[in-house]
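J.: I am sharing data_17.cif, which consists of mmCIF, C-alpha atoms:
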data_query
#
loop_
_atom_site.label_atom_id
_atom_site.label_comp_id
_atom_site.auth_asym_id
_atom_site.auth_seq_id
_atom_site.Cartn_x
_atom_site.Cartn_y
_atom_site.Cartn_z
CA MET A 1 -33.14 32.82 -18.56
CA PRO A 2 -34.98 34.16 -15.49
CA PRO A 3 -33.07 34.18 -12.13
CA PRO A 4 -32.19 31.30 -10.43
CA PHE A 5 -31.76 29.60 -13.84
CA ASP A 6 -29.41 32.20 -15.29
CA ILE A 7 -26.80 30.57 -13.03
CA ILE A 8 -26.92 27.41 -15.13
CA ALA A 9 -25.42 29.25 -18.11
CA TRP A 10 -22.58 30.48 -15.91
CA LEU A 11 -21.84 27.00 -14.66
CA LEU A 12 -21.90 25.21 -18.02
CA PRO A 13 -18.18 25.56 -18.85
CA GLY A 14 -17.42 24.09 -15.42
CA ALA A 15 -19.78 21.19 -16.07
CA LEU A 16 -17.88 20.42 -19.28
CA VAL A 17 -14.58 20.34 -17.36
CA THR A 18 -16.15 18.04 -14.75
CA ILE A 19 -17.33 15.66 -17.47
CA LYS A 20 -13.94 15.80 -19.20
CA VAL A 21 -12.10 14.97 -15.98
CA THR A 22 -14.58 12.19 -15.19
CA LEU A 23 -14.22 10.53 -18.59
CA SER A 24 -10.42 10.86 -18.75
CA ALA A 25 -9.95 9.53 -15.22
CA ALA A 26 -12.45 6.73 -15.94
CA ALA A 27 -10.42 5.65 -18.98
CA LEU A 28 -7.21 5.61 -16.94
CA ALA A 29 -8.93 3.83 -14.04
CA LEU A 30 -10.34 1.17 -16.37
CA VAL A 31 -6.92 0.32 -17.83
CA VAL A 32 -5.25 0.35 -14.42
CA ALA A 33 -8.03 -1.73 -12.84
CA ILE A 34 -7.86 -4.47 -15.46
CA LEU A 35 -4.04 -4.63 -15.50
CA MET A 36 -3.74 -4.56 -11.71
CA GLY A 37 -6.66 -6.94 -11.25
CA ILE A 38 -4.96 -9.47 -13.52
CA ALA A 39 -1.61 -8.84 -11.80
CA ARG A 40 -3.17 -9.50 -8.40
CA SER A 41 -4.53 -12.82 -9.66
CA SER A 42 -1.07 -13.75 -10.98
CA LYS A 43 0.88 -16.73 -9.69
CA ASN A 44 4.13 -14.78 -9.90
CA ARG A 45 4.92 -13.63 -6.37
CA ILE A 46 6.70 -10.41 -7.31
CA ILE A 47 3.92 -9.25 -9.65
CA LYS A 48 1.36 -10.14 -7.00
CA ALA A 49 3.20 -8.27 -4.26
CA LEU A 50 3.79 -5.15 -6.37
CA SER A 51 0.19 -4.90 -7.51
CA GLY A 52 -0.96 -5.60 -3.95
CA PHE A 53 1.22 -2.74 -2.71
CA TYR A 54 -0.25 -0.38 -5.30
CA VAL A 55 -3.83 -1.30 -4.42
CA GLU A 56 -3.34 -1.03 -0.67
CA LEU A 57 -1.39 2.22 -1.00
CA PHE A 58 -4.11 3.95 -2.98
CA ARG A 59 -6.99 2.50 -1.00
CA GLY A 60 -5.27 3.11 2.32
CA THR A 61 -4.68 6.85 1.90
CA SER A 62 -7.18 9.55 1.15
CA ALA A 63 -7.95 10.64 -2.44
CA LEU A 64 -7.55 14.30 -1.50
CA VAL A 65 -4.14 13.62 0.05
CA GLN A 66 -3.07 11.74 -3.10
CA LEU A 67 -4.23 14.63 -5.26
CA PHE A 68 -2.26 17.17 -3.22
CA TRP A 69 0.78 14.93 -3.14
CA ILE A 70 0.78 14.52 -6.90
CA PHE A 71 0.16 18.21 -7.54
CA PHE A 72 2.33 19.87 -4.89
CA VAL A 73 5.04 17.33 -4.00
CA LEU A 74 5.90 15.74 -7.36
CA PRO A 75 7.29 19.03 -8.81
CA LEU A 76 9.81 19.19 -5.93
CA PRO A 77 13.18 17.44 -5.77
CA PRO A 78 13.88 14.49 -5.77
CA PHE A 79 10.99 13.94 -8.25
CA GLU A 80 10.72 17.15 -10.29
CA ILE A 81 7.71 16.01 -12.29
CA PHE A 82 5.57 18.97 -13.34
CA LEU A 83 1.88 18.42 -14.08
CA THR A 84 -0.94 20.76 -14.99
CA PRO A 85 -3.93 20.74 -12.61
CA PHE A 86 -5.90 18.76 -15.21
CA GLN A 87 -3.18 16.11 -15.57
CA ALA A 88 -2.71 15.88 -11.81
CA GLY A 89 -6.46 15.54 -11.27
CA VAL A 90 -6.88 12.84 -13.90
CA ILE A 91 -3.85 10.88 -12.71
CA ALA A 92 -4.75 11.06 -9.01
CA LEU A 93 -8.42 10.13 -9.48
CA GLY A 94 -7.65 7.53 -12.14
CA LEU A 95 -5.07 5.78 -9.96
CA ASN A 96 -7.30 6.02 -6.88
CA LEU A 97 -10.42 4.59 -8.52
CA GLY A 98 -8.23 2.14 -10.45
CA ALA A 99 -7.15 0.62 -7.14
CA TYR A 100 -10.77 0.05 -6.12
CA GLY A 101 -11.53 -1.27 -9.60
CA ALA A 102 -8.59 -3.69 -9.41
CA GLU A 103 -10.21 -5.35 -6.40
CA VAL A 104 -13.44 -5.74 -8.36
CA VAL A 105 -11.54 -7.31 -11.28
CA ARG A 106 -9.63 -9.62 -8.95
CA GLY A 107 -12.87 -10.77 -7.31
CA ALA A 108 -14.52 -11.39 -10.68
CA ILE A 109 -11.54 -13.34 -12.02
CA GLY A 110 -11.52 -15.44 -8.86
CA ALA A 111 -15.21 -16.20 -9.34
CA VAL A 112 -14.76 -17.72 -12.81
CA PRO A 113 -15.15 -21.49 -12.27
CA LYS A 114 -11.86 -23.39 -12.20
CA ASP A 115 -12.92 -25.94 -14.82
CA GLN A 116 -13.21 -23.10 -17.35
CA ILE A 117 -9.50 -22.44 -16.93
CA GLU A 118 -8.70 -26.16 -16.99
CA ALA A 119 -10.67 -26.54 -20.21
CA GLY A 120 -8.58 -23.72 -21.66
CA VAL A 121 -5.40 -25.55 -20.64
CA ALA A 122 -6.74 -28.79 -22.12
CA LEU A 123 -7.43 -27.02 -25.42
CA ASN A 124 -3.82 -25.82 -25.44
CA PHE A 125 -4.67 -22.12 -25.14
CA THR A 126 -1.77 -19.87 -24.16
CA PRO A 127 -2.22 -18.05 -20.81
CA MET A 128 -2.83 -14.83 -22.78
CA GLN A 129 -5.55 -16.50 -24.86
CA ARG A 130 -7.14 -17.99 -21.74
CA MET A 131 -7.27 -14.54 -20.14
CA ARG A 132 -8.62 -12.81 -23.24
CA ARG A 133 -11.00 -15.44 -24.59
CA ILE A 134 -12.19 -17.33 -21.53
CA ILE A 135 -11.66 -15.57 -18.22
CA LEU A 136 -12.21 -11.86 -18.96
CA PRO A 137 -15.43 -12.26 -20.99
CA GLN A 138 -16.99 -14.26 -18.15
CA ALA A 139 -15.61 -11.94 -15.48
CA MET A 140 -17.03 -8.90 -17.35
CA VAL A 141 -20.57 -9.78 -16.35
CA ARG A 142 -19.61 -9.46 -12.70
CA ILE A 143 -17.40 -6.45 -13.27
CA LEU A 144 -19.90 -4.13 -14.96
CA PRO A 145 -22.35 -3.27 -12.13
CA PRO A 146 -19.66 -2.43 -9.53
CA PHE A 147 -17.81 -0.43 -12.18
CA GLY A 148 -20.96 1.61 -12.72
CA ASN A 149 -21.03 2.41 -9.02
CA LEU A 150 -17.36 3.37 -9.12
CA LEU A 151 -18.11 5.71 -12.04
CA VAL A 152 -20.62 7.57 -9.86
CA GLU A 153 -18.04 7.69 -7.05
CA LEU A 154 -15.51 9.05 -9.54
CA LEU A 155 -17.87 11.76 -10.74
CA LYS A 156 -18.38 12.88 -7.15
CA ALA A 157 -14.65 12.71 -6.45
CA THR A 158 -13.92 15.09 -9.34
CA ALA A 159 -15.22 17.91 -7.11
CA LEU A 160 -11.86 17.61 -5.33
CA VAL A 161 -9.98 18.97 -8.34
CA SER A 162 -11.49 22.38 -7.58
CA LEU A 163 -9.08 22.46 -4.63
CA ILE A 164 -6.07 22.37 -6.96
CA THR A 165 -7.50 25.31 -8.95
CA LEU A 166 -8.94 23.35 -11.87
CA SER A 167 -12.07 25.25 -12.97
CA ASP A 168 -14.61 22.44 -12.75
CA LEU A 169 -18.27 22.74 -11.74
CA THR A 170 -17.50 23.19 -8.04
CA PHE A 171 -14.74 25.73 -8.71
CA GLU A 172 -16.98 27.80 -10.99
CA GLY A 173 -19.78 27.65 -8.44
CA LEU A 174 -17.54 28.92 -5.64
CA LYS A 175 -16.10 31.64 -7.87
CA LEU A 176 -19.58 32.78 -8.84
CA GLN A 177 -20.69 32.78 -5.22
CA GLN A 178 -17.73 34.93 -4.26
CA THR A 179 -18.45 37.50 -6.98
CA VAL A 180 -22.26 37.75 -7.06
CA GLY A 181 -23.36 36.29 -3.71
CA ARG A 182 -26.74 34.51 -4.19
CA THR A 183 -25.31 31.71 -2.07
CA THR A 184 -28.43 29.60 -1.62
CA GLU A 185 -29.34 29.57 -5.31
CA ILE A 186 -25.83 28.80 -6.50
CA PHE A 187 -25.15 25.91 -4.15
CA THR A 188 -28.61 24.42 -4.69
CA ILE A 189 -28.14 24.49 -8.45
CA LEU A 190 -24.63 23.11 -8.05
CA LEU A 191 -25.95 20.12 -6.10
CA PHE A 192 -28.69 19.51 -8.67
CA ALA A 193 -26.16 19.79 -11.51
CA TYR A 194 -24.17 16.89 -10.06
CA PHE A 195 -27.38 14.99 -9.41
CA VAL A 196 -28.47 15.43 -13.03
CA ILE A 197 -25.18 13.93 -14.24
CA ALA A 198 -24.98 11.16 -11.62
CA TYR A 199 -28.56 9.95 -11.42
CA PRO A 200 -28.80 8.61 -15.00
CA LEU A 201 -25.50 6.83 -14.40
CA SER A 202 -26.74 5.08 -11.27
CA ARG A 203 -30.09 4.22 -12.87
CA GLY A 204 -28.16 2.77 -15.80
CA VAL A 205 -26.20 0.58 -13.42
CA HIS A 206 -29.43 -0.60 -11.85
CA TRP A 207 -30.83 -1.43 -15.25
CA LEU A 208 -27.69 -3.41 -16.14
CA GLU A 209 -27.93 -5.39 -12.90
CA ASN A 210 -31.55 -6.32 -13.52
CA ARG A 211 -30.86 -7.25 -17.11
CA ARG A 212 -28.15 -9.60 -15.96
CA GLU A 213 -30.58 -11.35 -13.64
CA TRP A 214 -33.11 -12.39 -16.23
CA ARG A 215 -30.45 -13.40 -18.68
CA MET B 1 16.98 10.65 0.22
CA GLN B 2 17.88 13.86 -1.56
CA GLY B 3 15.41 16.68 -1.02
CA VAL B 4 14.08 15.44 2.32
CA ASP B 5 14.74 17.59 5.38
CA TRP B 6 14.70 14.89 8.04
CA GLN B 7 14.96 17.24 10.98
CA PHE B 8 12.04 19.29 9.71
CA ALA B 9 10.10 16.06 9.17
CA ILE B 10 10.59 15.10 12.81
CA GLU B 11 9.86 18.63 14.07
CA ILE B 12 6.41 18.79 12.47
CA LEU B 13 5.29 15.33 13.57
CA PRO B 14 3.87 16.30 17.02
CA LYS B 15 1.71 19.03 15.42
CA LEU B 16 0.39 16.58 12.87
CA LEU B 17 -0.32 13.91 15.47
CA GLU B 18 -2.26 16.43 17.52
CA ALA B 19 -4.39 17.26 14.50
CA LEU B 20 -4.76 13.55 13.75
CA LEU B 21 -6.68 13.30 17.03
CA VAL B 22 -9.19 15.80 15.64
CA THR B 23 -9.48 13.63 12.52
CA ILE B 24 -10.15 10.53 14.60
CA LYS B 25 -12.64 12.34 16.81
CA ALA B 26 -14.44 13.67 13.74
CA THR B 27 -14.55 10.20 12.21
CA PHE B 28 -16.19 8.60 15.21
CA ILE B 29 -18.68 11.40 15.90
CA ALA B 30 -19.77 11.48 12.25
CA PHE B 31 -19.98 7.69 12.22
CA GLY B 32 -22.26 7.81 15.26
CA ILE B 33 -24.57 10.20 13.42
CA ALA B 34 -24.45 8.07 10.26
CA ALA B 35 -25.16 4.84 12.17
CA VAL B 36 -28.27 6.19 13.93
CA LEU B 37 -29.62 8.31 11.08
CA GLY B 38 -29.00 5.52 8.57
CA LEU B 39 -31.13 3.14 10.63
CA LEU B 40 -33.93 5.70 10.83
CA LEU B 41 -33.76 6.25 7.07
CA ALA B 42 -33.82 2.50 6.42
CA LEU B 43 -36.86 2.04 8.66
CA ALA B 44 -38.60 5.02 7.04
CA ARG B 45 -37.94 3.56 3.58
CA ARG B 46 -39.64 0.33 4.63
CA SER B 47 -42.63 2.15 6.07
CA PRO B 48 -46.00 1.32 4.46
CA SER B 49 -46.81 5.05 4.51
CA ARG B 50 -45.78 6.75 1.26
CA TRP B 51 -45.37 10.03 3.13
CA LEU B 52 -42.43 8.43 4.90
CA SER B 53 -40.98 6.01 2.38
CA TRP B 54 -40.91 8.30 -0.64
CA PRO B 55 -39.11 11.30 0.91
CA SER B 56 -36.58 9.06 2.63
CA SER B 57 -35.74 7.26 -0.65
CA ALA B 58 -35.39 10.64 -2.34
CA ILE B 59 -33.05 11.88 0.39
CA VAL B 60 -30.88 8.77 0.16
CA GLU B 61 -30.64 8.97 -3.64
CA PHE B 62 -29.87 12.66 -3.60
CA PHE B 63 -27.16 12.44 -0.95
CA ARG B 64 -25.53 9.51 -2.73
CA SER B 65 -25.54 11.26 -6.09
CA THR B 66 -23.90 14.55 -5.13
CA PRO B 67 -20.33 15.22 -3.96
CA LEU B 68 -19.65 15.45 -0.24
CA LEU B 69 -17.47 18.52 -0.86
CA VAL B 70 -20.38 20.44 -2.39
CA GLN B 71 -22.71 19.32 0.40
CA LEU B 72 -20.20 20.65 2.92
CA TYR B 73 -19.97 23.99 1.08
CA PHE B 74 -23.75 24.14 0.99
CA LEU B 75 -24.05 23.67 4.75
CA TYR B 76 -21.12 25.94 5.52
CA TYR B 77 -22.23 28.88 3.37
CA VAL B 78 -26.01 28.54 3.27
CA LEU B 79 -26.93 27.71 6.90
CA PRO B 80 -25.61 31.04 8.30
CA LYS B 81 -27.91 32.89 5.85
CA TYR B 82 -30.86 31.44 7.75
CA GLY B 83 -29.51 32.21 11.19
CA PHE B 84 -27.73 28.92 11.94
CA LYS B 85 -24.24 30.12 12.81
CA LEU B 86 -22.49 26.89 13.74
CA PRO B 87 -18.76 26.21 14.24
CA ALA B 88 -17.06 24.63 11.20
CA PHE B 89 -16.46 21.39 13.09
CA VAL B 90 -20.18 20.97 13.84
CA VAL B 91 -21.09 21.73 10.22
CA GLY B 92 -18.53 19.13 9.14
CA MET B 93 -20.02 16.50 11.44
CA ILE B 94 -23.52 17.16 10.14
CA GLY B 95 -22.32 17.01 6.53
CA LEU B 96 -20.21 13.88 6.89
CA GLY B 97 -22.81 12.17 9.09
CA PHE B 98 -25.72 12.84 6.73
CA TYR B 99 -23.74 11.88 3.64
CA TYR B 100 -22.72 8.54 5.09
CA ALA B 101 -26.18 7.93 6.57
CA SER B 102 -27.32 7.48 2.97
CA TYR B 103 -24.76 4.69 2.62
CA THR B 104 -25.36 3.00 5.98
CA SER B 105 -29.12 3.06 5.36
CA GLU B 106 -28.53 0.78 2.37
CA VAL B 107 -26.50 -1.58 4.57
CA TYR B 108 -29.33 -1.73 7.09
CA ARG B 109 -31.89 -2.23 4.34
CA ALA B 110 -29.97 -5.11 2.78
CA GLY B 111 -29.41 -6.67 6.21
CA ILE B 112 -33.09 -6.47 7.14
CA GLU B 113 -34.20 -7.81 3.76
CA ALA B 114 -31.80 -10.74 4.11
CA LEU B 115 -33.75 -12.08 7.11
CA PRO B 116 -36.07 -14.99 6.25
CA ARG B 117 -39.78 -14.10 6.11
CA GLY B 118 -40.46 -16.85 8.61
CA GLN B 119 -38.95 -14.68 11.35
CA TRP B 120 -41.58 -12.00 10.75
CA GLU B 121 -44.34 -14.55 10.52
CA ALA B 122 -43.27 -16.28 13.73
CA ALA B 123 -43.23 -12.93 15.55
CA ARG B 124 -46.75 -12.23 14.30
CA ALA B 125 -47.92 -15.73 15.29
CA LEU B 126 -46.58 -15.09 18.80
CA ASN B 127 -48.59 -11.87 18.88
CA LEU B 128 -45.55 -9.64 19.48
CA SER B 129 -46.06 -5.93 19.04
CA SER B 130 -44.27 -4.31 16.12
CA LEU B 131 -41.80 -2.53 18.42
CA HIS B 132 -41.12 -5.77 20.26
CA THR B 133 -40.60 -7.62 16.95
CA TRP B 134 -38.00 -5.10 15.81
CA ARG B 135 -36.21 -4.96 19.13
CA ALA B 136 -36.19 -8.63 20.09
CA ILE B 137 -36.33 -10.52 16.78
CA ILE B 138 -35.27 -8.52 13.75
CA LEU B 139 -32.47 -6.18 14.79
CA PRO B 140 -30.52 -8.65 16.98
CA GLN B 141 -30.33 -11.04 14.02
CA ALA B 142 -29.88 -8.46 11.28
CA ILE B 143 -27.16 -6.32 12.84
CA PRO B 144 -24.19 -8.72 13.36
CA PRO B 145 -23.80 -9.55 9.63
CA MET B 146 -23.84 -5.79 8.90
CA ILE B 147 -20.85 -5.09 11.12
CA PRO B 148 -18.16 -5.67 8.45
CA SER B 149 -19.94 -3.39 5.95
CA LEU B 150 -20.38 -0.71 8.59
CA GLY B 151 -16.69 -1.12 9.43
CA ASN B 152 -15.80 -0.49 5.80
CA TYR B 153 -17.82 2.70 5.84
CA LEU B 154 -16.11 3.77 9.05
CA ILE B 155 -12.76 3.45 7.25
CA GLY B 156 -14.25 5.21 4.22
CA MET B 157 -15.33 8.13 6.41
CA PHE B 158 -11.89 8.34 7.94
CA LYS B 159 -10.43 8.81 4.48
CA GLU B 160 -13.00 11.48 3.56
CA THR B 161 -12.26 13.67 6.59
CA PRO B 162 -9.55 15.66 4.72
CA MET B 163 -12.44 17.30 2.88
CA LEU B 164 -13.32 19.05 6.13
CA ALA B 165 -10.21 21.16 5.48
CA ALA B 166 -12.17 22.89 2.71
CA ILE B 167 -14.49 24.35 5.36
CA THR B 168 -11.54 25.32 7.62
CA VAL B 169 -11.68 22.46 10.15
CA VAL B 170 -8.12 21.99 11.42
CA GLU B 171 -7.74 18.25 11.08
CA VAL B 172 -4.52 16.57 10.02
CA PHE B 173 -4.70 17.52 6.34
CA GLN B 174 -5.50 21.16 7.07
CA GLN B 175 -2.62 21.20 9.56
CA ALA B 176 -0.30 19.95 6.80
CA LYS B 177 -1.58 22.70 4.50
CA ILE B 178 -0.93 25.30 7.20
CA ILE B 179 2.61 24.00 7.76
CA THR B 180 3.22 24.09 4.00
CA SER B 181 2.06 27.67 3.64
CA ASP B 182 4.15 28.74 6.65
CA THR B 183 7.38 27.00 5.65
CA PHE B 184 7.04 26.57 1.86
CA ARG B 185 7.89 22.90 2.28
CA ALA B 186 5.30 20.48 0.88
CA LEU B 187 7.17 17.18 0.69
CA GLU B 188 7.38 16.33 4.39
CA PRO B 189 3.91 17.42 5.63
CA TYR B 190 1.92 15.81 2.80
CA THR B 191 3.99 12.63 2.87
CA TRP B 192 3.41 12.36 6.63
CA VAL B 193 -0.34 12.74 6.15
CA GLY B 194 -0.30 9.93 3.60
CA ILE B 195 1.74 7.70 5.91
CA LEU B 196 -0.49 8.42 8.91
CA PHE B 197 -3.64 7.62 6.96
CA PHE B 198 -2.13 4.41 5.69
CA LEU B 199 -0.92 3.35 9.14
CA LEU B 200 -4.43 3.66 10.54
CA SER B 201 -6.59 2.50 7.66
CA TYR B 202 -4.63 -0.52 6.44
CA PRO B 203 -4.68 -2.44 9.77
CA SER B 204 -8.34 -1.46 10.19
CA SER B 205 -9.21 -2.93 6.82
CA LEU B 206 -7.41 -6.16 7.76
CA LEU B 207 -9.51 -6.22 10.93
CA VAL B 208 -12.69 -5.78 8.89
CA GLN B 209 -11.64 -8.67 6.65
CA ARG B 210 -11.37 -10.85 9.76
CA LEU B 211 -14.78 -9.67 10.93
CA GLU B 212 -16.15 -10.69 7.53
CA VAL B 213 -14.92 -14.22 8.12
CA HIS B 214 -16.29 -14.14 11.66
CA PHE B 215 -19.79 -12.83 10.92
CA GLY B 216 -20.29 -13.74 7.28
CA SER B 217 -20.99 -10.64 5.24
CA VAL B 218 -24.07 -8.94 3.84
CA LYS B 219 -23.73 -7.32 0.44
#
Now that the file is in, can you turn its structure into structure tokens?

T.:
Amino acid sequence: MPPPFDIIAWLLPGALVTIKVTLSAAALALVVAILMGIARSSKNRIIKALSGFYVELFRGTSALVQLFWIFFVLPLPPFEIFLTPFQAGVIALGLNLGAYGAEVVRGAIGAVPKDQIEAGVALNFTPMQRMRRIILPQAMVRILPPFGNLLVELLKATALVSLITLSDLTFEGLKLQQTVGRTTEIFTILLFAYFVIAYPLSRGVHWLENRREWR
Amino acid sequence: MQGVDWQFAIEILPKLLEALLVTIKATFIAFGIAAVLGLLLALARRSPSRWLSWPSSAIVEFFRSTPLLVQLYFLYYVLPKYGFKLPAFVVGMIGLGFYYASYTSEVYRAGIEALPRGQWEAARALNLSSLHTWRAIILPQAIPPMIPSLGNYLIGMFKETPMLAAITVVEVFQQAKIITSDTFRALEPYTWVGILFFLLSYPSSLLVQRLEVHFGSVK
């Protein structure tokens, strides 16, 4: 390809890593968000307090600090947990976004009308059945659009993993810039590369929101 | 706890607190930029002229869809090529301020759109000039409900400041990195940074929750 576009070929492997980190962290965040969101809506005080602590801890400190803590501090005593950069990146971003997602889930569960739950009790559903068959399906409608926004935030946050030496899009871009120069071209293409991945995601969210309105 | 050097932990605290002041300063300066620029962007997006509204929408979408870290690298490495040799701190403020302006502009837009049409019509019926309408009717009513959302973004910016370390600004996170590379101890510095962030952002978010109750919130 002619110059500036030859850079795209150089950056492709990095883009794949970025997408891989995004999807893996999104899967972790989704599980964590639903579990913690349900836990925060629990009547059990201990479960509520523990999940509240998790959410506030991860929302109250910076994602970059969490990433460094997990990558550089966990291998040390007293923890001695060794993670590859990829594992550390996925765990840190998944837990961070999961905390934000948990708040979304909690809000959506709280917004399900009370008589729906009472009807479930009247029909002799177990609490598990009520959650799975009545509350979550109704909460999902409210959960999806904010989750789409969080997915875009997650994609942008994956740029941080370049700082713990994972060769994602940003890392490859910086490496290329240090070896061949061409600073303006490389960083412009880097920005557009993220935009090309993120923009369809945010349009998709928009589309979902509108579809929900005329339903 | 095993593995923690308590004396070392206490020794490094003053250095970290000093750098924390840089973090706080950076947060407020960048927030000032984001608050003003966001309002300008929101007004431009509402402009009847396409030459204003289209580029400002494009800017907002682009800034919101690309990582702050890459935007910071862009400013830090590309600006000097065109003769703008600015200190890292200034570059960081421009980057953080512009990035968050794209978020605050949406807050302003939602707040302005939430005002009843009757307010605009009444202003027109009273023959107020457009500047007068904005200054005396629209903004005084639209801004108070935005305060909680703006507060949330202020806290959000605070938590993004560690990224400035990537362009060599010595804020609290960079200071922790420096201490770690000097002493080969990572546990104490990074744990302190986490604790300091939490101690500042958690009470602030409680305060914002109270503001939400006080003002009613705009989504």

J.: Would you kindly report the residues of chain A within 7 Å of chain B, using all atoms listed in the file, as a list in words?

T.: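 Listing them in order of chain and number gives Gly60, Thr61, Ser62, Leu64, Val65, Trp69, Phe72, Val73, Pro77, Pro78, Lys156, Ala157, Ala159, Thr170, Thr183, Thr184, Phe187, Leu191, Tyr194, Phe195, Ala198 and Tyr199 of chain A.
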
J.: Do you know which residues the PyMOL selection byres ((chain A and resi 17-20) around 10) returns on this file, as a list in words?

T.: Leu12, Pro13, Gly14, Ala15, Leu16, Val21, Thr22, Leu23, Ser24, Ala25, Ala26, Phe86, Val90, Leu155, Lys156, Ala157, Thr158, Ala159, Val161, Ser162, Leu166, Ser167, Asp168, Leu169, Thr170, Phe171, Tyr194 and Ile197 of chain A

J.: Within 8 Å of B:Ile112, counting all atoms listed in the file, which residues qualify if same-chain residues fewer than 4 places away don't, as a list in words?

T.: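 Contacts, in chain order: Tyr108, Ile138, Leu139 and Ala142 of chain B.
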
J.: With distances taken over all atoms listed in the file, which of B:Glu113, B:Asp5, B:Glu106, B:Glu171 is nearest to B:Ala88?

T.: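 With all atoms listed in the file as the atom set, the closest residue is B:Glu171.
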